[in-house]
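> Here it is, the structure in full.
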Amino acid sequence: MSGAANGITAAVVDRVMEAIAKAGLVEVEVSARHVHLSQKDWEAIFGTEKSDLTPKRPLSQPGQYLSEERVSLITPKGRMDRVAVLGPFRGQTQVELSKSDCIALGIDAPIRESGHIDGSGRITIEGPRGAVTIPQGVIIAKRHVHVPETTARHLGFKNGEIVSVQLFTDRPVILQDVVLRVSDKFSYRMHIDFDEANAADVRGFTLGQILKQEPVK
């Protein structure tokens, strides 16, 4: 495909996504189990021969990517191998699992927003050069929507607002208690885990409609 054709295709996609956002719809993405590593833990697990993760492909959120590296997650009850590592490095190591993953590994992990790891689950992370045991850092990610500031202003959304999202699938559901995370650094996407996706039969390109959530009286 020529550069001109690529440019036209990208422009069409941008217009379609803009129209989706203006209609109050959002694309739904499914997050598999994954790990965010601190630089210190990276060096303990992968050694010091490489100074950084190896990007494999970019993710929808600007600056974030799936790396080539994989790790194993280990608990007294079991292990999971070839778990994805996302970049770039974080200040603190964090492991995001589904509830089903936690049951399989015997972990009591809380439902939290990313970065809120105080008092969360313990796990051992193993790589080719070593392993680290983090006393906290395992969470079940609270379902959320990344919202650019321009979209938030247009739709009247606020950072931290709790909403519901109706998913348009062959098994439609309305997910409640969804947090909006507003920043000019974000792309407009909803993130759910595999348990939630399977319950709603999410597959391929899926849209949801954000609904204002009335407070319980």
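A note on labels: chains of the structure tokens are A, B, ... as shown, every chain counts residues from 1, and ligands are counted from 1 in their shown order.
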Hey, which bits of segment 53-122 of chain A sit within 12 Å of segment 137-144 of chain A, and for each residue what's the closest pair of atoms and how far apart in Å (one decimal), counting only C-alpha atoms, rows by chain and increasing number, as JSON lines?

{"residue": "A:Leu73", "atom": "CA", "partner": "A:Val138", "partner_atom": "CA", "distance": 10.6}
{"residue": "A:Ile74", "atom": "CA", "partner": "A:Val138", "partner_atom": "CA", "distance": 11.9}
{"residue": "A:Thr75", "atom": "CA", "partner": "A:Val138", "partner_atom": "CA", "distance": 11.7}
{"residue": "A:Arg90", "atom": "CA", "partner": "A:Gly137", "partner_atom": "CA", "distance": 11.7}
{"residue": "A:Gly91", "atom": "CA", "partner": "A:Gly137", "partner_atom": "CA", "distance": 11.6}
{"residue": "A:Gln92", "atom": "CA", "partner": "A:Gly137", "partner_atom": "CA", "distance": 7.9}
{"residue": "A:Thr93", "atom": "CA", "partner": "A:Gly137", "partner_atom": "CA", "distance": 6.4}
{"residue": "A:Gln94", "atom": "CA", "partner": "A:Gly137", "partner_atom": "CA", "distance": 4.6}
{"residue": "A:Val95", "atom": "CA", "partner": "A:Val138", "partner_atom": "CA", "distance": 4.6}
{"residue": "A:Glu96", "atom": "CA", "partner": "A:Ile139", "partner_atom": "CA", "distance": 5.2}
{"residue": "A:Leu97", "atom": "CA", "partner": "A:Ile140", "partner_atom": "CA", "distance": 5.3}
{"residue": "A:Ser98", "atom": "CA", "partner": "A:Ile140", "partner_atom": "CA", "distance": 5.6}
{"residue": "A:Lys99", "atom": "CA", "partner": "A:Ile140", "partner_atom": "CA", "distance": 6.6}
{"residue": "A:Ser100", "atom": "CA", "partner": "A:Ile140", "partner_atom": "CA", "distance": 10.0}
{"residue": "A:Asp101", "atom": "CA", "partner": "A:Ile140", "partner_atom": "CA", "distance": 9.4}
{"residue": "A:Cys102", "atom": "CA", "partner": "A:Ile140", "partner_atom": "CA", "distance": 8.4}
{"residue": "A:Ile103", "atom": "CA", "partner": "A:Ile140", "partner_atom": "CA", "distance": 11.5}
{"residue": "A:Leu105", "atom": "CA", "partner": "A:Val138", "partner_atom": "CA", "distance": 11.3}
{"residue": "A:Gly106", "atom": "CA", "partner": "A:Val138", "partner_atom": "CA", "distance": 11.8}
{"residue": "A:Ile107", "atom": "CA", "partner": "A:Val138", "partner_atom": "CA", "distance": 8.3}
{"residue": "A:Asp108", "atom": "CA", "partner": "A:Val138", "partner_atom": "CA", "distance": 8.7}
{"residue": "A:Ala109", "atom": "CA", "partner": "A:Ile139", "partner_atom": "CA", "distance": 5.1}
{"residue": "A:Pro110", "atom": "CA", "partner": "A:Ile139", "partner_atom": "CA", "distance": 5.5}
{"residue": "A:Ile111", "atom": "CA", "partner": "A:Ile140", "partner_atom": "CA", "distance": 4.6}
{"residue": "A:Arg112", "atom": "CA", "partner": "A:Lys142", "partner_atom": "CA", "distance": 5.1}
{"residue": "A:Glu113", "atom": "CA", "partner": "A:Lys142", "partner_atom": "CA", "distance": 5.2}
{"residue": "A:Ser114", "atom": "CA", "partner": "A:Ala141", "partner_atom": "CA", "distance": 6.4}
{"residue": "A:Gly115", "atom": "CA", "partner": "A:Gly137", "partner_atom": "CA", "distance": 8.6}
{"residue": "A:His116", "atom": "CA", "partner": "A:Gly137", "partner_atom": "CA", "distance": 8.4}
{"residue": "A:Ile117", "atom": "CA", "partner": "A:Gly137", "partner_atom": "CA", "distance": 5.1}
{"residue": "A:Asp118", "atom": "CA", "partner": "A:Gly137", "partner_atom": "CA", "distance": 7.4}
{"residue": "A:Gly119", "atom": "CA", "partner": "A:Gly137", "partner_atom": "CA", "distance": 8.0}
{"residue": "A:Ser120", "atom": "CA", "partner": "A:Gly137", "partner_atom": "CA", "distance": 5.5}
{"residue": "A:Gly121", "atom": "CA", "partner": "A:Val138", "partner_atom": "CA", "distance": 4.4}
{"residue": "A:Arg122", "atom": "CA", "partner": "A:Val138", "partner_atom": "CA", "distance": 6.2}
> Please, could you write that set of residues out with N, CA and C atoms as a short mmCIF file (atom, residue, chain, number, x, y, z; two decimals), in the first residue's frame?

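The result, stored in again-v1.cif:
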data_model
loop_
_atom_site.label_atom_id
_atom_site.label_comp_id
_atom_site.auth_asym_id
_atom_site.auth_seq_id
_atom_site.Cartn_x
_atom_site.Cartn_y
_atom_site.Cartn_z
N LEU A 73 5.12 -16.48 36.97
CA LEU A 73 4.55 -16.08 38.25
C LEU A 73 4.41 -17.33 39.12
N ILE A 74 4.93 -17.26 40.33
CA ILE A 74 5.02 -18.45 41.18
C ILE A 74 4.43 -18.17 42.57
N THR A 75 3.61 -19.10 43.04
CA THR A 75 3.08 -19.08 44.40
C THR A 75 3.19 -20.50 44.96
N ARG A 90 8.13 0.90 35.53
CA ARG A 90 7.33 1.60 36.52
C ARG A 90 8.18 1.88 37.76
N GLY A 91 7.70 2.78 38.59
CA GLY A 91 8.40 3.05 39.84
C GLY A 91 8.34 1.85 40.78
N GLN A 92 7.21 1.10 40.73
CA GLN A 92 7.04 -0.09 41.55
C GLN A 92 6.50 -1.22 40.67
N THR A 93 6.96 -2.42 40.94
CA THR A 93 6.49 -3.57 40.18
C THR A 93 5.03 -3.86 40.52
N GLN A 94 4.26 -4.16 39.48
CA GLN A 94 2.83 -4.43 39.64
C GLN A 94 2.44 -5.60 38.75
N VAL A 95 1.62 -6.50 39.28
CA VAL A 95 1.11 -7.65 38.53
C VAL A 95 -0.40 -7.54 38.45
N GLU A 96 -0.95 -7.59 37.24
CA GLU A 96 -2.40 -7.48 37.05
C GLU A 96 -2.95 -8.82 36.58
N LEU A 97 -3.85 -9.39 37.37
CA LEU A 97 -4.43 -10.70 37.11
C LEU A 97 -5.95 -10.62 37.11
N SER A 98 -6.59 -11.62 36.53
CA SER A 98 -8.04 -11.75 36.66
C SER A 98 -8.35 -12.50 37.95
N LYS A 99 -9.62 -12.49 38.34
CA LYS A 99 -10.02 -13.25 39.53
C LYS A 99 -9.75 -14.74 39.33
N SER A 100 -9.99 -15.24 38.12
CA SER A 100 -9.72 -16.66 37.84
C SER A 100 -8.24 -16.99 38.01
N ASP A 101 -7.37 -16.08 37.55
CA ASP A 101 -5.92 -16.28 37.74
C ASP A 101 -5.60 -16.36 39.23
N CYS A 102 -6.19 -15.45 40.01
CA CYS A 102 -5.90 -15.40 41.44
C CYS A 102 -6.35 -16.68 42.14
N ILE A 103 -7.49 -17.21 41.74
CA ILE A 103 -7.97 -18.46 42.33
C ILE A 103 -7.01 -19.60 41.99
N LEU A 105 -3.87 -19.43 41.37
CA LEU A 105 -2.59 -19.26 42.05
C LEU A 105 -2.72 -19.16 43.57
N GLY A 106 -3.94 -19.13 44.07
CA GLY A 106 -4.14 -19.04 45.51
C GLY A 106 -3.79 -17.68 46.09
N ILE A 107 -4.07 -16.62 45.34
CA ILE A 107 -3.74 -15.26 45.78
C ILE A 107 -5.02 -14.51 46.13
N ASP A 108 -5.00 -13.81 47.23
CA ASP A 108 -6.11 -12.94 47.62
C ASP A 108 -5.75 -11.52 47.21
N ALA A 109 -6.07 -11.17 45.97
CA ALA A 109 -5.71 -9.85 45.44
C ALA A 109 -6.92 -8.92 45.46
N PRO A 110 -6.74 -7.67 45.82
CA PRO A 110 -7.85 -6.72 45.83
C PRO A 110 -8.11 -6.14 44.44
N ILE A 111 -9.32 -5.62 44.26
CA ILE A 111 -9.66 -4.89 43.04
C ILE A 111 -9.21 -3.45 43.25
N ARG A 112 -8.29 -3.00 42.42
CA ARG A 112 -7.69 -1.68 42.60
C ARG A 112 -7.47 -0.98 41.26
N GLU A 113 -7.36 0.33 41.31
CA GLU A 113 -6.86 1.08 40.17
C GLU A 113 -5.35 0.86 40.08
N SER A 114 -4.84 0.95 38.87
CA SER A 114 -3.41 0.77 38.66
C SER A 114 -2.60 1.75 39.50
N GLY A 115 -1.53 1.23 40.13
CA GLY A 115 -0.68 2.06 40.96
C GLY A 115 -1.06 2.08 42.42
N HIS A 116 -2.25 1.59 42.76
CA HIS A 116 -2.72 1.56 44.15
C HIS A 116 -2.47 0.16 44.70
N ILE A 117 -1.25 -0.07 45.16
CA ILE A 117 -0.87 -1.44 45.50
C ILE A 117 -0.66 -1.68 46.99
N ASP A 118 -0.85 -0.67 47.83
CA ASP A 118 -0.66 -0.87 49.27
C ASP A 118 -1.56 -1.99 49.78
N GLY A 119 -0.98 -2.97 50.48
CA GLY A 119 -1.75 -4.05 51.04
C GLY A 119 -2.26 -5.05 50.02
N SER A 120 -1.72 -5.04 48.80
CA SER A 120 -2.16 -5.98 47.76
C SER A 120 -1.39 -7.29 47.85
N GLY A 121 -1.59 -8.15 46.84
CA GLY A 121 -1.10 -9.52 46.92
C GLY A 121 0.41 -9.68 46.77
N ARG A 122 0.90 -10.80 47.29
CA ARG A 122 2.33 -11.17 47.26
C ARG A 122 2.53 -12.24 46.18
#
> Check segment 115-193 of chain A with DSSP on the backbone and list each residue it calls strand (DSSP E or B), as a PyMOL selection string.
chain A and resi 121-126+131-141+144-147+162-167+173-182+189-193
> If you run DSSP on the backbone here, which positions in segment 98-188 of chain A get alpha helix (DSSP H)? Please write them as number ranges by chain.
A: 99-105, 149-155
> What is the distance, in Å and to one decimal place, between atom CA of Ala23 of chain A and atom CA of Arg171 of chain A?
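Here the two named atoms are 21.8 Å from each other.
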> Given only C-alpha atoms, how would the per-residue table for segment 86-203 of chain A near segment 24-31 of chain A read, listing every residue at most 7 Å away with its closest atom pair and distance in Å to one decimal, sorted by chain and number, as a tab-separated table?

residue	atom	partner	partner_atom	distance
A:Leu155	CA	A:Gly24	CA	7.0
A:Tyr188	CA	A:Val26	CA	6.8
A:Arg189	CA	A:Glu27	CA	5.3
A:Met190	CA	A:Val28	CA	4.7
A:His191	CA	A:Glu29	CA	5.0
A:Ile192	CA	A:Val30	CA	5.1
A:Asp193	CA	A:Ser31	CA	5.0
A:Phe194	CA	A:Val30	CA	6.2
A:Ala197	CA	A:Val30	CA	6.6
> Which polymer residues have any atom within 9 Å of an atom of Ser51 of chain A, counting only C-alpha atoms, with same-chain residues fewer than 6 positions away left out, as a PyMOL selection string?
chain A and resi 39+42-43
> Find the spatial neighbours of Phe89 of chain A, counting only C-alpha atoms, within a cut-off of 8 Å - ignore same-chain residues fewer than 4 positions away - and output them as a ChimeraX atom specification.
/A:36-39
> Using only C-alpha atoms, which of A:Lys22, A:Arg129, A:Arg153, A:His34 sits nearest Glu49 of chain A?
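Among A:Lys22, A:Arg129, A:Arg153, A:His34, it is A:Arg129 that comes nearest to Glu49 of chain A.
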> Looking at only C-alpha atoms, which of A:Gln166, A:Thr9, A:Ser187, A:Gln213 is the one that sits closest to Gly63 of chain A?
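When distances to Gly63 of chain A are compared using only C-alpha atoms, the smallest one comes from A:Ser187.
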> Just checking: using only C-alpha atoms, which residue out of A:Val173, A:Val35, A:Leu167, A:Leu53 ends up closest to Phe205 of chain A?
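Between A:Val173, A:Val35, A:Leu167, A:Leu53, the residue approaching Phe205 of chain A most closely is A:Leu167.
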> With only C-alpha atoms as the counted atoms, please give the residues lying no more than 12 Å from Phe157 of chain A, apart from itself and same-chain residues fewer than 2 positions off, as an mmCIF file with all heavy atoms, in the first residue's frame.

data_model
loop_
_atom_site.group_PDB
_atom_site.id
_atom_site.type_symbol
_atom_site.label_atom_id
_atom_site.label_comp_id
_atom_site.auth_asym_id
_atom_site.auth_seq_id
_atom_site.Cartn_x
_atom_site.Cartn_y
_atom_site.Cartn_z
ATOM 1 N N GLY A 24 -20.632 9.255 22.428
ATOM 2 C CA GLY A 24 -20.606 8.694 23.775
ATOM 3 C C GLY A 24 -20.274 7.223 23.803
ATOM 4 O O GLY A 24 -20.495 6.537 24.806
ATOM 5 N N VAL A 145 -12.006 3.416 32.072
ATOM 6 C CA VAL A 145 -11.959 4.014 30.737
ATOM 7 C C VAL A 145 -10.913 5.114 30.742
ATOM 8 O O VAL A 145 -10.950 6.019 31.588
ATOM 9 C CB VAL A 145 -13.329 4.605 30.322
ATOM 10 C CG1 VAL A 145 -13.235 5.184 28.905
ATOM 11 C CG2 VAL A 145 -14.425 3.551 30.393
ATOM 12 N N HIS A 146 -9.969 5.027 29.807
ATOM 13 C CA HIS A 146 -9.018 6.114 29.582
ATOM 14 C C HIS A 146 -9.701 7.162 28.708
ATOM 15 O O HIS A 146 -10.178 6.847 27.608
ATOM 16 C CB HIS A 146 -7.769 5.592 28.856
ATOM 17 C CG HIS A 146 -6.969 4.616 29.659
ATOM 18 N ND1 HIS A 146 -6.062 5.010 30.615
ATOM 19 C CD2 HIS A 146 -6.919 3.262 29.641
ATOM 20 C CE1 HIS A 146 -5.489 3.952 31.147
ATOM 21 N NE2 HIS A 146 -5.994 2.871 30.586
ATOM 22 N N VAL A 147 -9.745 8.399 29.173
ATOM 23 C CA VAL A 147 -10.460 9.453 28.448
ATOM 24 C C VAL A 147 -9.535 10.647 28.224
ATOM 25 O O VAL A 147 -9.045 11.242 29.200
ATOM 26 C CB VAL A 147 -11.706 9.924 29.236
ATOM 27 C CG1 VAL A 147 -12.542 10.872 28.370
ATOM 28 C CG2 VAL A 147 -12.551 8.738 29.702
ATOM 29 N N PRO A 148 -9.296 11.032 26.963
ATOM 30 C CA PRO A 148 -8.533 12.267 26.709
ATOM 31 C C PRO A 148 -9.315 13.475 27.241
ATOM 32 O O PRO A 148 -10.548 13.463 27.302
ATOM 33 C CB PRO A 148 -8.436 12.314 25.179
ATOM 34 C CG PRO A 148 -8.748 10.927 24.719
ATOM 35 C CD PRO A 148 -9.681 10.348 25.719
ATOM 36 N N GLU A 149 -8.601 14.512 27.610
ATOM 37 C CA GLU A 149 -9.248 15.679 28.213
ATOM 38 C C GLU A 149 -10.265 16.325 27.268
ATOM 39 O O GLU A 149 -11.327 16.772 27.706
ATOM 40 C CB GLU A 149 -8.190 16.692 28.646
ATOM 41 C CG GLU A 149 -7.379 16.240 29.844
ATOM 42 C CD GLU A 149 -6.398 17.288 30.333
ATOM 43 O OE1 GLU A 149 -6.240 18.320 29.640
ATOM 44 O OE2 GLU A 149 -5.807 17.087 31.415
ATOM 45 N N THR A 150 -9.957 16.384 25.974
ATOM 46 C CA THR A 150 -10.897 16.997 25.025
ATOM 47 C C THR A 150 -12.201 16.209 24.974
ATOM 48 O O THR A 150 -13.287 16.791 24.924
ATOM 49 C CB THR A 150 -10.280 17.083 23.620
ATOM 50 O OG1 THR A 150 -9.802 15.774 23.221
ATOM 51 C CG2 THR A 150 -9.127 18.067 23.577
ATOM 52 N N THR A 151 -12.115 14.892 24.984
ATOM 53 C CA THR A 151 -13.314 14.046 24.971
ATOM 54 C C THR A 151 -14.090 14.204 26.269
ATOM 55 O O THR A 151 -15.328 14.264 26.267
ATOM 56 C CB THR A 151 -12.923 12.569 24.768
ATOM 57 O OG1 THR A 151 -12.177 12.436 23.560
ATOM 58 C CG2 THR A 151 -14.153 11.673 24.701
ATOM 59 N N ALA A 152 -13.373 14.290 27.392
ATOM 60 C CA ALA A 152 -14.031 14.460 28.692
ATOM 61 C C ALA A 152 -14.818 15.772 28.729
ATOM 62 O O ALA A 152 -15.952 15.812 29.224
ATOM 63 C CB ALA A 152 -12.999 14.417 29.809
ATOM 64 N N ARG A 153 -14.220 16.840 28.201
ATOM 65 C CA ARG A 153 -14.912 18.129 28.192
ATOM 66 C C ARG A 153 -16.164 18.064 27.319
ATOM 67 O O ARG A 153 -17.220 18.583 27.690
ATOM 68 C CB ARG A 153 -13.972 19.232 27.699
ATOM 69 C CG ARG A 153 -12.928 19.651 28.728
ATOM 70 C CD ARG A 153 -12.281 20.968 28.329
ATOM 71 N NE ARG A 153 -11.542 20.844 27.080
ATOM 72 C CZ ARG A 153 -10.259 20.510 26.995
ATOM 73 N NH1 ARG A 153 -9.571 20.255 28.104
ATOM 74 N NH2 ARG A 153 -9.657 20.428 25.829
ATOM 75 N N HIS A 154 -16.043 17.413 26.163
ATOM 76 C CA HIS A 154 -17.177 17.323 25.233
ATOM 77 C C HIS A 154 -18.336 16.539 25.840
ATOM 78 O O HIS A 154 -19.509 16.907 25.668
ATOM 79 C CB HIS A 154 -16.722 16.664 23.927
ATOM 80 C CG HIS A 154 -17.834 16.406 22.960
ATOM 81 N ND1 HIS A 154 -18.419 17.400 22.207
ATOM 82 C CD2 HIS A 154 -18.498 15.252 22.644
ATOM 83 C CE1 HIS A 154 -19.390 16.869 21.467
ATOM 84 N NE2 HIS A 154 -19.450 15.578 21.709
ATOM 85 N N LEU A 155 -18.008 15.476 26.569
ATOM 86 C CA LEU A 155 -19.046 14.596 27.105
ATOM 87 C C LEU A 155 -19.407 14.903 28.553
ATOM 88 O O LEU A 155 -20.294 14.265 29.124
ATOM 89 C CB LEU A 155 -18.593 13.138 26.980
ATOM 90 C CG LEU A 155 -18.391 12.639 25.549
ATOM 91 C CD1 LEU A 155 -17.797 11.229 25.554
ATOM 92 C CD2 LEU A 155 -19.711 12.652 24.775
ATOM 93 N N ASN A 159 -12.482 13.372 35.906
ATOM 94 C CA ASN A 159 -11.520 12.362 36.345
ATOM 95 C C ASN A 159 -11.975 11.740 37.663
ATOM 96 O O ASN A 159 -12.368 12.436 38.599
ATOM 97 C CB ASN A 159 -10.141 12.994 36.541
ATOM 98 C CG ASN A 159 -9.091 11.961 36.882
ATOM 99 O OD1 ASN A 159 -8.964 10.942 36.206
ATOM 100 N ND2 ASN A 159 -8.319 12.205 37.933
ATOM 101 N N GLY A 160 -11.961 10.405 37.723
ATOM 102 C CA GLY A 160 -12.385 9.699 38.912
ATOM 103 C C GLY A 160 -13.874 9.432 38.984
ATOM 104 O O GLY A 160 -14.338 8.767 39.920
ATOM 105 N N GLU A 161 -14.627 9.940 38.025
ATOM 106 C CA GLU A 161 -16.079 9.723 38.017
ATOM 107 C C GLU A 161 -16.388 8.234 37.834
ATOM 108 O O GLU A 161 -15.709 7.530 37.081
ATOM 109 C CB GLU A 161 -16.713 10.532 36.890
ATOM 110 C CG GLU A 161 -18.228 10.442 36.814
ATOM 111 C CD GLU A 161 -18.816 11.335 35.721
ATOM 112 O OE1 GLU A 161 -18.035 12.095 35.091
ATOM 113 O OE2 GLU A 161 -20.035 11.281 35.512
ATOM 114 N N ILE A 162 -17.413 7.759 38.519
ATOM 115 C CA ILE A 162 -17.838 6.367 38.401
ATOM 116 C C ILE A 162 -19.068 6.303 37.493
ATOM 117 O O ILE A 162 -20.060 7.008 37.721
ATOM 118 C CB ILE A 162 -18.164 5.766 39.781
ATOM 119 C CG1 ILE A 162 -16.949 5.849 40.703
ATOM 120 C CG2 ILE A 162 -18.621 4.309 39.635
ATOM 121 C CD1 ILE A 162 -15.723 5.108 40.206
ATOM 122 N N VAL A 163 -18.992 5.456 36.466
ATOM 123 C CA VAL A 163 -20.060 5.341 35.479
ATOM 124 C C VAL A 163 -20.393 3.866 35.266
ATOM 125 O O VAL A 163 -19.755 2.974 35.823
ATOM 126 C CB VAL A 163 -19.655 5.977 34.135
ATOM 127 C CG1 VAL A 163 -19.371 7.461 34.300
ATOM 128 C CG2 VAL A 163 -18.441 5.252 33.527
ATOM 129 N N VAL A 179 -14.481 3.255 36.506
ATOM 130 C CA VAL A 179 -13.877 4.543 36.823
ATOM 131 C C VAL A 179 -13.345 5.201 35.554
ATOM 132 O O VAL A 179 -12.775 4.535 34.683
ATOM 133 C CB VAL A 179 -12.742 4.391 37.871
ATOM 134 C CG1 VAL A 179 -11.589 3.563 37.344
ATOM 135 C CG2 VAL A 179 -12.254 5.756 38.347
ATOM 136 N N LEU A 180 -13.557 6.504 35.445
ATOM 137 C CA LEU A 180 -13.030 7.285 34.327
ATOM 138 C C LEU A 180 -11.684 7.880 34.735
ATOM 139 O O LEU A 180 -11.573 8.523 35.782
ATOM 140 C CB LEU A 180 -13.992 8.407 33.938
ATOM 141 C CG LEU A 180 -15.391 8.005 33.499
ATOM 142 C CD1 LEU A 180 -16.199 9.244 33.111
ATOM 143 C CD2 LEU A 180 -15.354 7.003 32.347
ATOM 144 N N ARG A 181 -10.688 7.662 33.894
ATOM 145 C CA ARG A 181 -9.363 8.224 34.143
ATOM 146 C C ARG A 181 -9.073 9.221 33.022
ATOM 147 O O ARG A 181 -8.896 8.830 31.868
ATOM 148 C CB ARG A 181 -8.322 7.105 34.189
ATOM 149 C CG ARG A 181 -8.582 6.110 35.313
ATOM 150 C CD ARG A 181 -7.676 4.913 35.248
ATOM 151 N NE ARG A 181 -6.272 5.286 35.316
ATOM 152 C CZ ARG A 181 -5.269 4.439 35.151
ATOM 153 N NH1 ARG A 181 -5.504 3.159 34.876
ATOM 154 N NH2 ARG A 181 -4.035 4.858 35.244
ATOM 155 N N VAL A 182 -9.048 10.494 33.364
ATOM 156 C CA VAL A 182 -8.956 11.566 32.375
ATOM 157 C C VAL A 182 -7.541 12.136 32.351
ATOM 158 O O VAL A 182 -6.985 12.500 33.386
ATOM 159 C CB VAL A 182 -9.973 12.683 32.687
ATOM 160 C CG1 VAL A 182 -9.831 13.827 31.683
ATOM 161 C CG2 VAL A 182 -11.391 12.126 32.676
ATOM 162 N N SER A 183 -6.968 12.213 31.142
ATOM 163 C CA SER A 183 -5.646 12.812 30.964
ATOM 164 C C SER A 183 -5.425 13.101 29.487
ATOM 165 O O SER A 183 -5.896 12.354 28.626
ATOM 166 C CB SER A 183 -4.554 11.867 31.470
ATOM 167 O OG SER A 183 -3.260 12.351 31.115
ATOM 168 N N ILE A 210 -21.136 4.700 27.393
ATOM 169 C CA ILE A 210 -20.966 5.144 28.770
ATOM 170 C C ILE A 210 -22.271 5.754 29.271
ATOM 171 O O ILE A 210 -22.852 6.622 28.632
ATOM 172 C CB ILE A 210 -19.820 6.157 28.866
ATOM 173 C CG1 ILE A 210 -18.498 5.480 28.451
ATOM 174 C CG2 ILE A 210 -19.702 6.717 30.285
ATOM 175 C CD1 ILE A 210 -17.312 6.399 28.437
ATOM 176 N N LEU A 211 -22.714 5.278 30.433
ATOM 177 C CA LEU A 211 -23.954 5.724 31.041
ATOM 178 C C LEU A 211 -23.657 6.360 32.384
ATOM 179 O O LEU A 211 -22.868 5.830 33.174
ATOM 180 C CB LEU A 211 -24.909 4.539 31.251
ATOM 181 C CG LEU A 211 -25.155 3.638 30.034
ATOM 182 C CD1 LEU A 211 -25.931 2.393 30.460
ATOM 183 C CD2 LEU A 211 -25.912 4.384 28.942
ATOM 184 N N LYS A 212 -24.257 7.485 32.652
ATOM 185 C CA LYS A 212 -24.096 8.110 33.959
ATOM 186 C C LYS A 212 -24.690 7.179 35.017
ATOM 187 O O LYS A 212 -25.787 6.647 34.844
ATOM 188 C CB LYS A 212 -24.808 9.457 34.002
ATOM 189 C CG LYS A 212 -24.153 10.522 33.124
ATOM 190 C CD LYS A 212 -22.852 11.035 33.739
ATOM 191 C CE LYS A 212 -22.299 12.203 32.942
ATOM 192 N NZ LYS A 212 -21.093 12.774 33.572
ATOM 193 N N GLN A 213 -23.949 6.961 36.091
ATOM 194 C CA GLN A 213 -24.378 6.052 37.132
ATOM 195 C C GLN A 213 -25.011 6.847 38.267
ATOM 196 O O GLN A 213 -24.350 7.670 38.903
ATOM 197 C CB GLN A 213 -23.199 5.227 37.647
ATOM 198 C CG GLN A 213 -23.577 4.146 38.654
ATOM 199 C CD GLN A 213 -22.445 3.159 38.867
ATOM 200 O OE1 GLN A 213 -21.966 2.528 37.935
ATOM 201 N NE2 GLN A 213 -22.021 3.028 40.125
#
> Could you work out how far atom CA of Val132 of chain A lies from atom CA of Ala104 of chain A, giving the answer in Å with one decimal?
20.2 Å
